[in-house]
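All remarks here apply to the structure that follows.
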Number of protein chains: 2
Amino acid sequence: MKRIAVSPNVINRLPKYINCLERLKWKEVDRVSSAQLAEMLESTPSQVRQDFALFGNYGAQGYGYKTDYLLQEIKAVIGLNMTHNIAVIGVGSIGRALLEHIDFNRYNYRVCAAFDVDSDKIGSEIKGVEIYDINDLKSYMKMNKIDIAMLTVSPTVAKQVAAQLCDMGVRAIWNFTGEALGLPSDKILIQNVSFLDSLFTLTYRLENE
Amino acid sequence: MKRIAVSPNVINRLPKYINCLERLKWKEVDRVSSAQLAEMLESTPSQVRQDFALFGNYGAQGYGYKTDYLLQEIKAVIGLNMTHNIAVIGVGSIGRALLEHIDFNRYNYRVCAAFDVDSDKIGSEIKGVEIYDINDLKSYMKMNKIDIAMLTVSPTVAKQVAAQLCDMGVRAIWNFTGEALGLPSDKILIQNVSFLDSLFTLTYRLENE
């Protein structure tokens with residue numbers, strides 16, 4: 001597996017490269033130049049070449065990059081060549097919508113289980129994922145390897161549940177609660193998702209472009 | 001109103017500053033230093049000072065920034081001092097969850113209407129927002145000023161609906177469909193939201209940190 005340390009800015013561009021390369025692959029475009037990629041991504045050819053050079057892929061002068069090879073390489077840099085197990089903590093409207101909406105399997109993620117407090121939900125399934133009693137979370141975590149907890153509980157209990165997940169040895173939380181979880185970064189990775197961030201960016205562009 | 005052109009990287013940091021300053025305000029912290037902000041944001045004091053200097057706010061040496069004043073300034077830079085009207089196009093699980101989940105009013109957004117094709121949904125309300133027949137979208141748009149369309153229709157109809165929105169004169173689409181809408185950037189602003197981006201970043205960190 002590739003182990004390459006890259007800057008946060010480069011990491012942020014990797015999903016966009018994947019999206020772009022998948023569209024090219026879907027259109028059966030076998031080879032692509034840095035100029036074409038730059039245009040699709042509103043970037044510059046030199047930026048694209050610089051990013052790919054980080055992964056040891058320089059393409060060939062006047063010949064471009066092999067679409068599928070580059071796609072697999074970038075996926076491997078992220079770690080998508082390995083399976084990652086996800087547990088969904090909280091099956092309210094957001095948890096349910098994300099479970100229904102996101103194509104996890106496509107990128108080697110396996111949603112193993114969901115947890116909730118609501119007895120009406122416990123025992124039912126969403127997209128083949130069983131919803132368990134959150135009281136059984138600890139014993140489940142002991143017996144199953146979960147890489148990422150998708151935290152979609154109500155904001156009022158977010159910190160408390162996150163602290164429990166940390167105690168249970170969960171290594172990464174994908175946090176949709178909007179709450180700052182306040183956990184030590186040497187113990188657990190937190191990725192905060194804010195819907196407002198993109199709305200603010202759009203609003204800025206709307207008022208300034 | 002402020003009209004300051006800043007780089008995309010700075011724009012991406014503005015929501016994080018807002019989040020951070022709101023937490024400080026909530027804790028009744030009146031003044032904050034660039035060092036404190038940098039620590040909260042995993043940034044550097046010089047980066048923070050450089051960003052704020054763009055908006056003409058230099059703080060005072062050894063004295064820091066006034067929390068609330070800086071918060072209002074950054075909000076004004078984004079345009080949050082003005083009301084923006086949103087229409088929700090598509091009330092499936094994602095549209096509904098976002099409507100329920102996001103605190104739009106807090107940032108001066110007004111969700112004016114939602115639209116769907118499902119006759120069971122049409123005429124009902126979510127959080128006080130009425131769901132209209134999508135066939136009435138055109139006439140609604142003629143009679144009402146909508147700044148941003150939140151596009152939460154199924155991916156299969158995303159492009160078609162987006163093209164219609166563009167024809168109706170909508171200026172900005174907040175796109176949750178995962179589809180590339182392929183509209184001319186001189187006619188309409190598109191902000192794509194991908195849930196996978198943050199999951200990929202988390203996965204990279206999980207495998208590399």
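In the structure tokens, the first chain shown is A, the next is B, and so on; residue numbers restart at 1 for each chain, and ligands run from 1 in the order shown.
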Test item: residues at most 9 Å from range 68-74 of chain B, only C-alpha atoms, excluding those fewer than 4 positions along its chain, as a PyMOL selection string: chain B and resi 2+14-15+17-18+21-22+24-25+30-31+52+55+57+78-81
Exercise answer, chain B residues close to chain A, 7 Å and only C-alpha atoms, as a ChimeraX atom specification: /B:3,11-12,15,78-79,93-94,97,172,191,193,197-198,200-204,206-208
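In this model, the gap between CA of Arg49 in chain B and CA of Val10 in chain A comes to 23.4 Å.
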If DSSP is run on the backbone, what residues of range 80-110 of chain A are alpha helix (DSSP H)? A reply as a PyMOL selection string would be ideal. chain A and resi 93-101
Write the residues you've just listed into a file as a PDB file, in the first residue's frame, and include C-alpha atoms for each of them.
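Generated output (selection39.pdb):
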```pdb
ATOM      1  CA  SER A  93     -33.500  11.823   9.611  1.00  0.00           C
ATOM      2  CA  ILE A  94     -29.869  12.640   8.742  1.00  0.00           C
ATOM      3  CA  GLY A  95     -28.497   9.196   9.587  1.00  0.00           C
ATOM      4  CA  ARG A  96     -31.245   7.515   7.605  1.00  0.00           C
ATOM      5  CA  ALA A  97     -30.900   9.843   4.612  1.00  0.00           C
ATOM      6  CA  LEU A  98     -27.133   9.351   4.414  1.00  0.00           C
ATOM      7  CA  LEU A  99     -27.510   5.585   4.687  1.00  0.00           C
ATOM      8  CA  GLU A 100     -29.997   5.626   1.836  1.00  0.00           C
ATOM      9  CA  HIS A 101     -28.152   8.187  -0.233  1.00  0.00           C
TER      10      HIS A 101
END
```
Among chain A, which residues carry a DSSP assignment of strand (DSSP E), reported as a PyMOL selection string? chain A and resi 31-32+65-66+84-89+109-116+125-126+129-133+148-151+172-175+189-192
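Every protein, DNA or RNA residue with an atom at most 9 Å from Ala162 in chain A, where only C-alpha atoms count and chain neighbours fewer than 6 positions away do not, is listed here: A:Leu151, A:Ile173, A:Leu181, A:Gly182, A:Leu183.
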Using the selection just defined, write its residues with all heavy atoms as a JSON list (two decimals), in the first residue's frame.
```json
[["chain", "number", "residue", "atom", "x", "y", "z"],
["A", 151, "LEU", "N", -21.28, 9.62, 13.10],
["A", 151, "LEU", "CA", -22.01, 10.14, 14.26],
["A", 151, "LEU", "C", -23.16, 11.04, 13.80],
["A", 151, "LEU", "O", -22.96, 12.17, 13.36],
["A", 151, "LEU", "CB", -21.07, 10.91, 15.20],
["A", 151, "LEU", "CG", -21.63, 11.26, 16.58],
["A", 151, "LEU", "CD1", -21.96, 10.00, 17.38],
["A", 151, "LEU", "CD2", -20.66, 12.13, 17.35],
["A", 173, "ILE", "N", -14.10, 9.33, 13.91],
["A", 173, "ILE", "CA", -15.52, 9.74, 13.92],
["A", 173, "ILE", "C", -15.79, 10.70, 12.77],
["A", 173, "ILE", "O", -15.09, 11.69, 12.60],
["A", 173, "ILE", "CB", -15.91, 10.41, 15.26],
["A", 173, "ILE", "CG1", -15.81, 9.41, 16.43],
["A", 173, "ILE", "CG2", -17.32, 10.99, 15.18],
["A", 173, "ILE", "CD1", -16.15, 10.00, 17.79],
["A", 181, "LEU", "N", -16.58, 18.12, 19.27],
["A", 181, "LEU", "CA", -16.62, 16.95, 20.15],
["A", 181, "LEU", "C", -15.61, 17.02, 21.29],
["A", 181, "LEU", "O", -15.77, 16.34, 22.29],
["A", 181, "LEU", "CB", -16.44, 15.67, 19.34],
["A", 181, "LEU", "CG", -17.49, 15.44, 18.24],
["A", 181, "LEU", "CD1", -17.20, 14.17, 17.47],
["A", 181, "LEU", "CD2", -18.90, 15.40, 18.82],
["A", 182, "GLY", "N", -14.59, 17.87, 21.12],
["A", 182, "GLY", "CA", -13.64, 18.11, 22.21],
["A", 182, "GLY", "C", -12.88, 16.88, 22.69],
["A", 182, "GLY", "O", -12.65, 16.72, 23.88],
["A", 183, "LEU", "N", -12.52, 16.00, 21.76],
["A", 183, "LEU", "CA", -11.75, 14.81, 22.13],
["A", 183, "LEU", "C", -10.28, 15.00, 21.79],
["A", 183, "LEU", "O", -9.95, 15.74, 20.86],
["A", 183, "LEU", "CB", -12.31, 13.58, 21.41],
["A", 183, "LEU", "CG", -13.73, 13.17, 21.83],
["A", 183, "LEU", "CD1", -14.26, 12.09, 20.91],
["A", 183, "LEU", "CD2", -13.75, 12.69, 23.28]]
```
